>>> print(open('data-v2.csv').read())   # CSV, C-alpha atoms and all ligand atoms
chain,number,residue,atom,x,y,z
A,1,MET,CA,0.0,0.0,0.0
A,2,SER,CA,1.2,3.4,-0.7
A,3,ARG,CA,0.3,6.5,1.3
A,4,HIS,CA,-0.3,9.6,-0.8
A,5,VAL,CA,0.7,12.9,0.8
A,6,ASN,CA,0.2,16.1,-1.2
A,7,GLY,CA,-0.3,13.9,-4.2
A,8,PHE,CA,2.7,11.6,-4.0
A,9,ALA,CA,3.5,8.2,-2.6
A,10,SER,CA,6.0,7.3,0.1
A,11,THR,CA,6.5,3.5,0.1
A,12,ARG,CA,9.9,2.0,0.4
A,13,ALA,CA,9.5,0.4,-3.0
A,14,THR,CA,8.8,3.9,-4.5
A,15,ARG,CA,11.9,5.2,-2.9
A,16,ARG,CA,14.1,2.6,-4.6
A,17,ARG,CA,12.5,2.7,-8.0
A,18,ALA,CA,12.0,5.5,-10.4
A,19,PRO,CA,10.0,8.5,-9.1
A,20,GLU,CA,6.3,8.5,-9.3
A,21,VAL,CA,5.2,10.6,-12.2
A,22,ILE,CA,2.0,12.5,-12.0
A,23,TYR,CA,0.4,14.6,-14.8
A,24,GLN,CA,-1.1,17.6,-13.1
A,25,ASN,CA,-1.3,21.4,-13.2
A,26,PHE,CA,2.0,22.6,-11.7
A,27,TYR,CA,0.1,25.5,-10.1
A,28,ASP,CA,-1.6,22.9,-7.9
A,29,PHE,CA,1.7,22.6,-6.1
A,30,PRO,CA,2.1,26.1,-4.8
A,31,HIS,CA,5.1,25.2,-2.5
A,32,TYR,CA,7.0,23.9,-5.4
A,33,TYR,CA,6.0,26.7,-7.8
A,34,ASP,CA,7.0,29.3,-5.3
A,35,LEU,CA,10.3,27.8,-4.4
A,36,THR,CA,11.1,27.5,-8.2
A,37,PHE,CA,10.3,31.0,-9.1
A,38,ASN,CA,10.7,33.1,-6.0
A,39,GLY,CA,14.5,33.7,-6.4
A,40,GLY,CA,14.4,37.0,-8.2
A,41,SER,CA,11.2,38.4,-6.6
A,42,ARG,CA,12.8,41.1,-4.5
A,43,ARG,CA,14.5,42.5,-7.6
A,44,GLU,CA,11.3,42.4,-9.6
A,45,VAL,CA,9.5,44.3,-6.9
A,46,GLU,CA,12.2,47.0,-6.6
A,47,PHE,CA,12.0,47.4,-10.4
A,48,LEU,CA,8.2,47.6,-10.4
A,49,ILE,CA,8.3,50.2,-7.6
A,50,GLN,CA,10.7,52.3,-9.7
A,51,CYS,CA,8.4,51.9,-12.7
A,52,PHE,CA,5.4,53.1,-10.8
A,53,LYS,CA,7.3,56.1,-9.5
A,54,ARG,CA,8.6,57.0,-12.9
A,55,HIS,CA,5.6,56.2,-15.2
A,56,ALA,CA,2.4,56.5,-13.2
A,57,ARG,CA,0.8,59.9,-13.3
A,58,ARG,CA,-0.6,59.5,-9.8
A,59,ASP,CA,0.5,58.4,-6.4
A,60,VAL,CA,0.6,54.6,-6.3
A,61,ARG,CA,-0.7,53.2,-3.0
A,62,GLN,CA,-2.8,50.2,-4.2
A,63,VAL,CA,-1.4,47.5,-6.4
A,64,PHE,CA,-3.1,44.5,-7.9
A,65,GLU,CA,-1.8,41.4,-9.5
A,66,PRO,CA,-4.1,39.4,-11.9
A,67,GLY,CA,-3.0,35.7,-12.1
A,68,CYS,CA,-1.1,36.2,-8.8
A,69,GLY,CA,-0.6,32.5,-8.2
A,70,THR,CA,1.3,32.1,-4.9
A,71,GLY,CA,1.5,35.9,-4.8
A,72,ARG,CA,5.3,35.7,-4.6
A,73,LEU,CA,5.6,39.4,-5.1
A,74,LEU,CA,2.7,40.6,-3.0
A,75,PRO,CA,4.3,40.4,0.5
A,76,PHE,CA,7.3,42.5,-0.7
A,77,PHE,CA,4.9,45.2,-1.8
A,78,ALA,CA,3.0,45.0,1.4
A,79,ARG,CA,6.2,45.4,3.4
A,80,HIS,CA,6.9,48.5,1.4
A,81,GLY,CA,3.6,49.9,2.6
A,82,PHE,CA,1.4,49.3,-0.5
A,83,ALA,CA,-2.1,47.9,-0.1
A,84,VAL,CA,-2.0,44.7,-2.2
A,85,SER,CA,-4.6,42.5,-3.8
A,86,GLY,CA,-4.5,39.6,-6.2
A,87,LEU,CA,-6.7,37.3,-8.3
A,88,ASP,CA,-6.1,33.8,-9.5
A,89,ILE,CA,-8.1,30.9,-11.0
A,90,ASN,CA,-6.4,28.3,-8.9
A,91,ASP,CA,-7.8,27.8,-5.4
A,92,ARG,CA,-4.6,26.1,-4.0
A,93,ALA,CA,-2.5,29.0,-5.1
A,94,ILE,CA,-5.0,31.5,-3.6
A,95,ASP,CA,-4.9,29.7,-0.3
A,96,PHE,CA,-1.1,29.6,-0.3
A,97,CYS,CA,-1.0,33.3,-1.1
A,98,ASN,CA,-3.5,34.3,1.5
A,99,ASN,CA,-1.9,32.1,4.2
A,100,ARG,CA,1.5,33.7,3.6
A,101,LEU,CA,0.0,37.3,3.6
A,102,GLN,CA,-1.8,36.5,6.9
A,103,ARG,CA,1.3,34.9,8.5
A,104,GLN,CA,3.2,38.1,7.7
A,105,GLY,CA,0.5,40.3,9.3
A,106,PHE,CA,-1.4,41.4,6.2
A,107,SER,CA,-5.0,40.8,5.1
A,108,ARG,CA,-6.0,37.8,3.0
A,109,ALA,CA,-6.3,40.0,-0.1
A,110,ALA,CA,-6.2,37.4,-2.9
A,111,ILE,CA,-9.5,36.3,-4.5
A,112,LEU,CA,-10.5,33.5,-6.8
A,113,GLY,CA,-11.4,34.6,-10.3
A,114,ASP,CA,-10.7,34.6,-14.0
A,115,MET,CA,-8.4,37.4,-15.2
A,116,ALA,CA,-10.3,37.4,-18.5
A,117,SER,CA,-13.5,38.3,-16.8
A,118,PHE,CA,-13.5,40.1,-13.4
A,119,ARG,CA,-14.5,43.3,-11.7
A,120,LEU,CA,-12.7,44.6,-8.6
A,121,ALA,CA,-14.6,46.1,-5.7
A,122,GLY,CA,-12.5,49.3,-5.9
A,123,LYS,CA,-10.0,50.8,-8.4
A,124,VAL,CA,-6.3,50.4,-8.0
A,125,ASP,CA,-3.3,52.7,-8.9
A,126,ALA,CA,-1.1,50.1,-10.4
A,127,ALA,CA,-1.0,46.5,-11.5
A,128,PHE,CA,1.5,44.0,-12.7
A,129,SER,CA,1.5,40.6,-14.4
A,130,MET,CA,5.0,39.1,-14.9
A,131,ILE,CA,6.6,36.0,-16.4
A,132,ASN,CA,4.1,35.2,-19.2
A,133,THR,CA,1.0,34.9,-17.1
A,134,PHE,CA,-0.9,37.0,-19.7
A,135,ARG,CA,0.0,34.5,-22.4
A,136,LEU,CA,-2.0,31.8,-20.5
A,137,LEU,CA,-5.0,33.6,-22.1
A,138,THR,CA,-4.9,31.5,-25.2
A,139,SER,CA,-7.4,33.4,-27.4
A,140,GLY,CA,-7.4,36.9,-28.7
A,141,ARG,CA,-10.8,37.4,-27.3
A,142,GLN,CA,-9.6,36.5,-23.8
A,143,ALA,CA,-6.6,38.7,-24.1
A,144,MET,CA,-8.7,41.7,-25.1
A,145,SER,CA,-11.2,41.0,-22.4
A,146,HIS,CA,-8.4,40.9,-19.8
A,147,LEU,CA,-7.1,44.3,-21.0
A,148,ARG,CA,-10.6,45.7,-20.8
A,149,CYS,CA,-11.0,44.4,-17.2
A,150,MET,CA,-7.6,45.9,-16.3
A,151,ALA,CA,-8.5,49.3,-17.8
A,152,ARG,CA,-11.7,49.2,-15.7
A,153,ALA,CA,-9.7,48.2,-12.6
A,154,LEU,CA,-7.1,51.0,-12.9
A,155,ARG,CA,-7.5,54.7,-12.0
A,156,VAL,CA,-6.6,57.2,-14.8
A,157,GLY,CA,-2.9,57.7,-14.9
A,158,GLY,CA,-2.3,54.4,-13.2
A,159,VAL,CA,0.0,51.8,-14.8
A,160,TYR,CA,0.0,48.1,-15.7
A,161,ALA,CA,3.3,46.3,-16.1
A,162,LEU,CA,3.0,43.4,-18.4
A,163,GLY,CA,5.9,41.0,-18.7
A,164,LEU,CA,6.0,38.3,-21.4
A,165,HIS,CA,8.1,36.5,-24.0
A,166,LEU,CA,7.6,37.6,-27.6
A,167,THR,CA,8.1,35.2,-30.5
A,168,PRO,CA,11.1,36.5,-32.5
A,169,VAL,CA,10.8,36.5,-36.2
A,170,VAL,CA,14.6,37.0,-36.5
A,171,GLY,CA,17.0,34.7,-34.6
A,172,LYS,CA,16.3,31.5,-32.6
A,173,PRO,CA,13.7,31.5,-29.9
A,174,LEU,CA,14.6,30.4,-26.4
A,175,CYS,CA,13.0,27.0,-25.8
A,176,VAL,CA,14.2,25.7,-22.5
A,177,GLU,CA,14.6,27.1,-19.1
A,178,ARG,CA,16.0,25.2,-16.1
A,179,HIS,CA,15.8,26.0,-12.4
A,180,THR,CA,17.4,24.2,-9.4
A,181,ASN,CA,16.2,25.1,-6.0
A,182,GLY,CA,16.4,23.7,-2.5
A,183,LYS,CA,14.9,24.3,0.9
A,184,GLY,CA,15.8,22.2,3.9
A,185,LYS,CA,15.7,18.6,2.8
A,186,LEU,CA,13.6,19.3,-0.3
A,187,GLN,CA,15.4,19.6,-3.7
A,188,LEU,CA,13.7,20.7,-6.8
A,189,ARG,CA,14.7,20.5,-10.4
A,190,THR,CA,12.3,22.2,-12.8
A,191,THR,CA,12.5,22.4,-16.6
A,192,VAL,CA,10.2,24.6,-18.7
A,193,ARG,CA,10.5,23.4,-22.3
A,194,THR,CA,8.8,24.3,-25.6
A,195,MET,CA,7.5,21.0,-27.1
A,196,GLY,CA,6.0,22.5,-30.2
A,197,VAL,CA,4.4,25.5,-31.7
A,198,ASP,CA,1.3,26.0,-34.0
A,199,LEU,CA,2.0,29.3,-35.7
A,200,ARG,CA,-1.4,29.3,-37.4
A,201,LYS,CA,-3.3,29.0,-34.1
A,202,ARG,CA,-0.6,31.0,-32.3
A,203,LEU,CA,-0.2,28.4,-29.6
A,204,GLU,CA,3.0,27.2,-27.9
A,205,HIS,CA,2.9,23.9,-26.2
A,206,VAL,CA,5.1,24.0,-23.1
A,207,ARG,CA,5.9,21.2,-20.7
A,208,ILE,CA,6.8,22.0,-17.2
A,209,THR,CA,8.6,19.1,-15.5
A,210,CYS,CA,9.4,19.3,-11.8
A,211,HIS,CA,11.5,16.7,-10.0
A,212,ALA,CA,10.9,16.9,-6.2
A,213,LYS,CA,13.2,14.9,-3.9
A,214,THR,CA,13.4,14.5,-0.2
A,215,PRO,CA,15.3,11.8,1.7
A,216,LEU,CA,12.0,9.8,1.8
A,217,ARG,CA,10.2,10.7,-1.4
A,218,ARG,CA,10.7,11.3,-5.1
A,219,LEU,CA,8.1,12.7,-7.3
A,220,GLN,CA,8.0,14.0,-10.9
A,221,ILE,CA,5.2,16.4,-11.9
A,222,ALA,CA,4.6,16.9,-15.6
A,223,ASP,CA,2.3,19.6,-16.7
A,224,ASP,CA,1.5,20.5,-20.3
A,225,THR,CA,0.4,24.1,-20.8
A,226,LEU,CA,-0.6,26.2,-23.8
A,227,PHE,CA,0.6,29.8,-24.2
A,228,ARG,CA,-0.6,32.3,-26.8
A,229,MET,CA,2.2,33.5,-29.0
A,230,TYR,CA,2.9,37.1,-29.9
A,231,THR,CA,5.3,38.3,-32.5
A,232,LEU,CA,6.2,42.0,-32.1
A,233,ALA,CA,3.7,42.9,-34.9
A,234,GLN,CA,0.9,40.9,-33.2
A,235,PHE,CA,1.7,42.4,-29.8
A,236,ARG,CA,1.6,45.9,-31.2
A,237,ALA,CA,-1.7,45.2,-33.0
A,238,LEU,CA,-3.2,44.0,-29.7
A,239,LEU,CA,-2.0,47.1,-27.9
A,240,ARG,CA,-3.4,49.4,-30.6
A,241,ARG,CA,-6.8,47.8,-30.1
A,242,ALA,CA,-6.5,48.3,-26.3
A,243,ALA,CA,-6.9,52.0,-26.7
A,244,TRP,CA,-7.6,52.5,-23.0
A,245,PHE,CA,-3.8,52.4,-22.6
A,246,GLU,CA,-0.8,54.2,-23.9
A,247,ILE,CA,2.7,52.7,-23.8
A,248,ALA,CA,4.7,54.6,-21.2
A,249,ALA,CA,8.0,52.5,-21.6
A,250,THR,CA,9.4,49.1,-22.5
A,251,TYR,CA,12.0,47.1,-20.6
A,252,ASP,CA,13.4,43.6,-20.7
A,253,PHE,CA,13.7,40.9,-18.1
A,254,THR,CA,17.0,42.4,-16.8
A,255,TYR,CA,14.7,44.8,-15.0
A,256,GLN,CA,16.9,47.9,-15.2
A,257,ILE,CA,14.9,51.1,-14.8
A,258,ASP,CA,17.6,53.3,-16.4
A,259,SER,CA,17.8,51.0,-19.5
A,260,PRO,CA,14.5,51.0,-21.3
A,261,ILE,CA,14.6,49.0,-24.5
A,262,ARG,CA,13.4,49.5,-28.1
A,263,LEU,CA,11.3,46.7,-29.3
A,264,GLU,CA,12.8,44.9,-32.3
A,265,HIS,CA,11.8,41.9,-34.3
A,266,ASP,CA,14.3,39.8,-32.4
A,267,THR,CA,13.2,41.0,-29.0
A,268,GLN,CA,12.3,38.0,-26.8
A,269,ASP,CA,11.4,39.3,-23.4
A,270,VAL,CA,9.6,42.5,-22.7
A,271,VAL,CA,8.0,44.3,-19.8
A,272,VAL,CA,5.7,46.9,-21.3
A,273,ILE,CA,4.4,49.6,-19.0
A,274,LEU,CA,0.9,50.5,-20.0
A,275,ARG,CA,-0.6,53.7,-18.7
A,276,LYS,CA,-4.3,54.3,-18.5
A,277,ARG,CA,-5.4,57.2,-20.6
A,278,ALA,CA,-7.8,59.9,-19.4
A,279,SER,CA,-10.2,59.5,-22.2
A,280,CYS,CA,-11.8,56.1,-22.0
B,1,LIG,C1,3.1,31.6,-14.5
B,1,LIG,S1,2.0,31.6,-13.1
B,1,LIG,C2,2.4,33.3,-12.5
B,1,LIG,C3,2.1,33.5,-11.1
B,1,LIG,C4,2.5,34.9,-10.6
B,1,LIG,N1,2.0,36.0,-11.4
B,1,LIG,C5,4.0,35.0,-10.5
B,1,LIG,O1,4.5,36.0,-11.1
B,1,LIG,O2,4.7,34.2,-9.9
B,1,LIG,C6,0.5,31.8,-13.8
B,1,LIG,C7,-0.7,31.9,-12.9
B,1,LIG,O3,-1.8,32.3,-13.7
B,1,LIG,C8,-3.0,31.6,-13.2
B,1,LIG,N2,-4.0,31.7,-14.2
B,1,LIG,C9,-4.0,31.0,-15.4
B,1,LIG,N3,-5.1,31.3,-16.1
B,1,LIG,C10,-5.8,32.2,-15.4
B,1,LIG,C11,-7.0,32.9,-15.5
B,1,LIG,N4,-7.7,32.8,-16.6
B,1,LIG,N5,-7.4,33.7,-14.6
B,1,LIG,C12,-6.7,33.9,-13.4
B,1,LIG,N6,-5.5,33.2,-13.2
B,1,LIG,C13,-5.1,32.4,-14.2
B,1,LIG,C14,-2.4,30.3,-12.8
B,1,LIG,O4,-3.3,29.6,-11.9
B,1,LIG,C15,-1.1,30.6,-12.2
B,1,LIG,O5,-1.2,30.8,-10.9
>>> encode(input="data-v2.csv", output="structure tokens")
Amino acid sequence: MSRHVNGFASTRATRRRAPEVIYQNFYDFPHYYDLTFNGGSRREVEFLIQCFKRHARRDVRQVFEPGCGTGRLLPFFARHGFAVSGLDINDRAIDFCNNRLQRQGFSRAAILGDMASFRLAGKVDAAFSMINTFRLLTSGRQAMSHLRCMARALRVGGVYALGLHLTPVVGKPLCVERHTNGKGKLQLRTTVRTMGVDLRKRLEHVRITCHAKTPLRRLQIADDTLFRMYTLAQFRALLRRAAWFEIAATYDFTYQIDSPIRLEHDTQDVVVILRKRASC
């Protein structure tokens, strides 16, 4: 008999043999997700705060993250004195996020919802969605609907920082990303790999594989996810249609506030700072 804890088995036989493989949404494992991607969070937050200071045409006090997941960035903002809130479609991620906020003395400010169709109780001054979360909206209609919801959620002059990978039409796209992390006796090896692309449907098939190991257990999580693809031209066309916003600045994933970038056809990673216009 095997005993399943947090989705994986712990028999002696399992320990000696190959790890148990489960096919499941990686976001259902918020501890593993967070440990994998939390490394650069402080830097991202410092960069975003600089962006808000430089590009918002208003004081930024309230910040919101659609698709917040574990909310890895939210406690940093809260410690800087911002009122924070988040929204995600995954209830396990939301619980993780709220539990951490509460443990650190902040309110449980993340809610369950769909970032393509939501309405906040009150408006916010700034928002951010980093590391490709936006691309999880796999249709053009969802993407536009999200931007419409974000425009409604933001006060005039507020900004939305949107970080994503573009599909270069010049040069070779990045197609694998590896992370190795550890905490106590837990070791994680996570790979994010492009398995295929459908240029006509504009879909990238990505497999996330996470090997989790403790002295007693070994588990492999495999998650197949679809991301919408954007060439620079397609991204520009989308933003033109989202006329609620103007582009205040563009950066890359090095997050250097004094080094904005010019978007080119070989640009692969971009953080675009969208500012809500007065007339919409
Ligand atoms: C790549 S993770 C990013 C999490 C977080 N933004 C971060 O930077 O660590 C993507 C998150 O988007 C969430 N998500 C995917 N589709 C969504 C949707 N339609 N509405 C809300 N959240 C969604 C997933 O549950 C997951 O937590």
>>> closest_atom_pairs(input="data-v2.csv", of="chain A", to="ligand LIG 1 (chain B)", cutoff="9 Å", atoms="only C-alpha atoms and all ligand atoms", output="Markdown table")
| residue | atom | partner | partner_atom | distance |
| --- | --- | --- | --- | --- |
| A:Asn25 | CA | B:LIG1 | O4 | 8.5 |
| A:Phe26 | CA | B:LIG1 | C15 | 8.6 |
| A:Tyr27 | CA | B:LIG1 | O5 | 5.5 |
| A:Asp28 | CA | B:LIG1 | O4 | 8.0 |
| A:Pro30 | CA | B:LIG1 | O5 | 8.4 |
| A:Tyr33 | CA | B:LIG1 | O2 | 7.9 |
| A:Asp34 | CA | B:LIG1 | O2 | 7.1 |
| A:Phe37 | CA | B:LIG1 | O2 | 6.5 |
| A:Asn38 | CA | B:LIG1 | O2 | 7.2 |
| A:Ser41 | CA | B:LIG1 | O2 | 8.4 |
| A:Glu65 | CA | B:LIG1 | N1 | 6.9 |
| A:Pro66 | CA | B:LIG1 | C12 | 6.3 |
| A:Gly67 | CA | B:LIG1 | N6 | 3.7 |
| A:Cys68 | CA | B:LIG1 | N1 | 4.1 |
| A:Gly69 | CA | B:LIG1 | O5 | 3.2 |
| A:Thr70 | CA | B:LIG1 | O2 | 6.4 |
| A:Gly71 | CA | B:LIG1 | C4 | 6.0 |
| A:Arg72 | CA | B:LIG1 | O2 | 5.5 |
| A:Leu73 | CA | B:LIG1 | O1 | 7.0 |
| A:Leu87 | CA | B:LIG1 | C12 | 6.1 |
| A:Asp88 | CA | B:LIG1 | N6 | 3.8 |
| A:Ile89 | CA | B:LIG1 | C12 | 4.1 |
| A:Asn90 | CA | B:LIG1 | O4 | 4.5 |
| A:Asp91 | CA | B:LIG1 | O4 | 8.1 |
| A:Arg92 | CA | B:LIG1 | O4 | 8.7 |
| A:Ala93 | CA | B:LIG1 | O5 | 6.2 |
| A:Ile94 | CA | B:LIG1 | O5 | 8.3 |
| A:Leu112 | CA | B:LIG1 | C12 | 7.6 |
| A:Gly113 | CA | B:LIG1 | C12 | 5.7 |
| A:Asp114 | CA | B:LIG1 | N5 | 3.5 |
| A:Met115 | CA | B:LIG1 | N5 | 3.9 |
| A:Ala116 | CA | B:LIG1 | N4 | 5.6 |
| A:Ser117 | CA | B:LIG1 | N5 | 8.0 |
| A:Phe118 | CA | B:LIG1 | N5 | 8.9 |
| A:Phe128 | CA | B:LIG1 | N1 | 8.1 |
| A:Ser129 | CA | B:LIG1 | N1 | 5.5 |
| A:Met130 | CA | B:LIG1 | O1 | 4.9 |
| A:Ile131 | CA | B:LIG1 | O1 | 5.7 |
| A:Asn132 | CA | B:LIG1 | C1 | 6.0 |
| A:Thr133 | CA | B:LIG1 | C6 | 4.6 |
| A:Phe134 | CA | B:LIG1 | O3 | 7.7 |
| A:Arg135 | CA | B:LIG1 | N3 | 8.7 |
| A:Leu136 | CA | B:LIG1 | N3 | 5.4 |
| A:Leu137 | CA | B:LIG1 | N4 | 6.2 |
| A:Gln142 | CA | B:LIG1 | N4 | 8.3 |
| A:His146 | CA | B:LIG1 | N4 | 8.7 |
>>> atom_distance(input="data-v2.csv", atom1="CA of Phe52 in chain A", atom2="CA of Lys276 in chain A")
12.4 Å
>>> atom_distance(input="data-v2.csv", atom1="CA of Gly81 in chain A", atom2="CA of Tyr32 in chain A")
27.4 Å
>>> closest_residue(input="data-v2.csv", among="A:Leu199, A:Ile22, A:Ala242, A:Ala278", to="Thr167 in chain A", atoms="all atoms listed in the file")
A:Leu199
>>> atom_distance(input="data-v2.csv", atom1="CA of Asn98 in chain A", atom2="CA of Gly122 in chain A")
19.0 Å
>>> closest_residue(input="data-v2.csv", among="A:Arg202, A:His31, A:Arg207, A:Arg141", to="Met229 in chain A", atoms="all atoms listed in the file")
A:Arg202
>>> closest_residue(input="data-v2.csv", among="A:Ser107, A:Thr214, A:Ser85, A:Gln50", to="Gly184 in chain A", atoms="all atoms listed in the file")
A:Thr214
>>> residues_around(input="data-v2.csv", residues="Ile273 in chain A", least_positions_apart="3", cutoff="6 Å", atoms="all atoms listed in the file", output="JSON, numbers by chain")
{"A": [160, 161, 247, 248, 249]}
>>> write_last_selection(input="data-v2.csv", atoms="C-alpha atoms", output="CSV table (one decimal), in the frame of the given file")
chain,number,residue,atom,x,y,z
A,160,TYR,CA,0.0,48.1,-15.7
A,161,ALA,CA,3.3,46.3,-16.1
A,247,ILE,CA,2.7,52.7,-23.8
A,248,ALA,CA,4.7,54.6,-21.2
A,249,ALA,CA,8.0,52.5,-21.6
>>> axis_aligned_box(input="data-v2.csv", around="range 121-140 of chain A", padding_each_side="5 Å", output="JSON")
{"center_x": -4.0, "center_y": 42.1, "center_z": -17.2, "size_x": 31.2, "size_y": 31.2, "size_z": 33.0}
>>> closest_atom_pairs(input="data-v2.csv", of="range 73-170 of chain A", to="range 250-266 of chain A", cutoff="7 Å", atoms="only C-alpha atoms", output="tab-separated table")
residue	atom	partner	partner_atom	distance
A:Pro168	CA	A:Asp266	CA	4.6
A:Val169	CA	A:His265	CA	5.8
A:Val170	CA	A:Asp266	CA	5.0
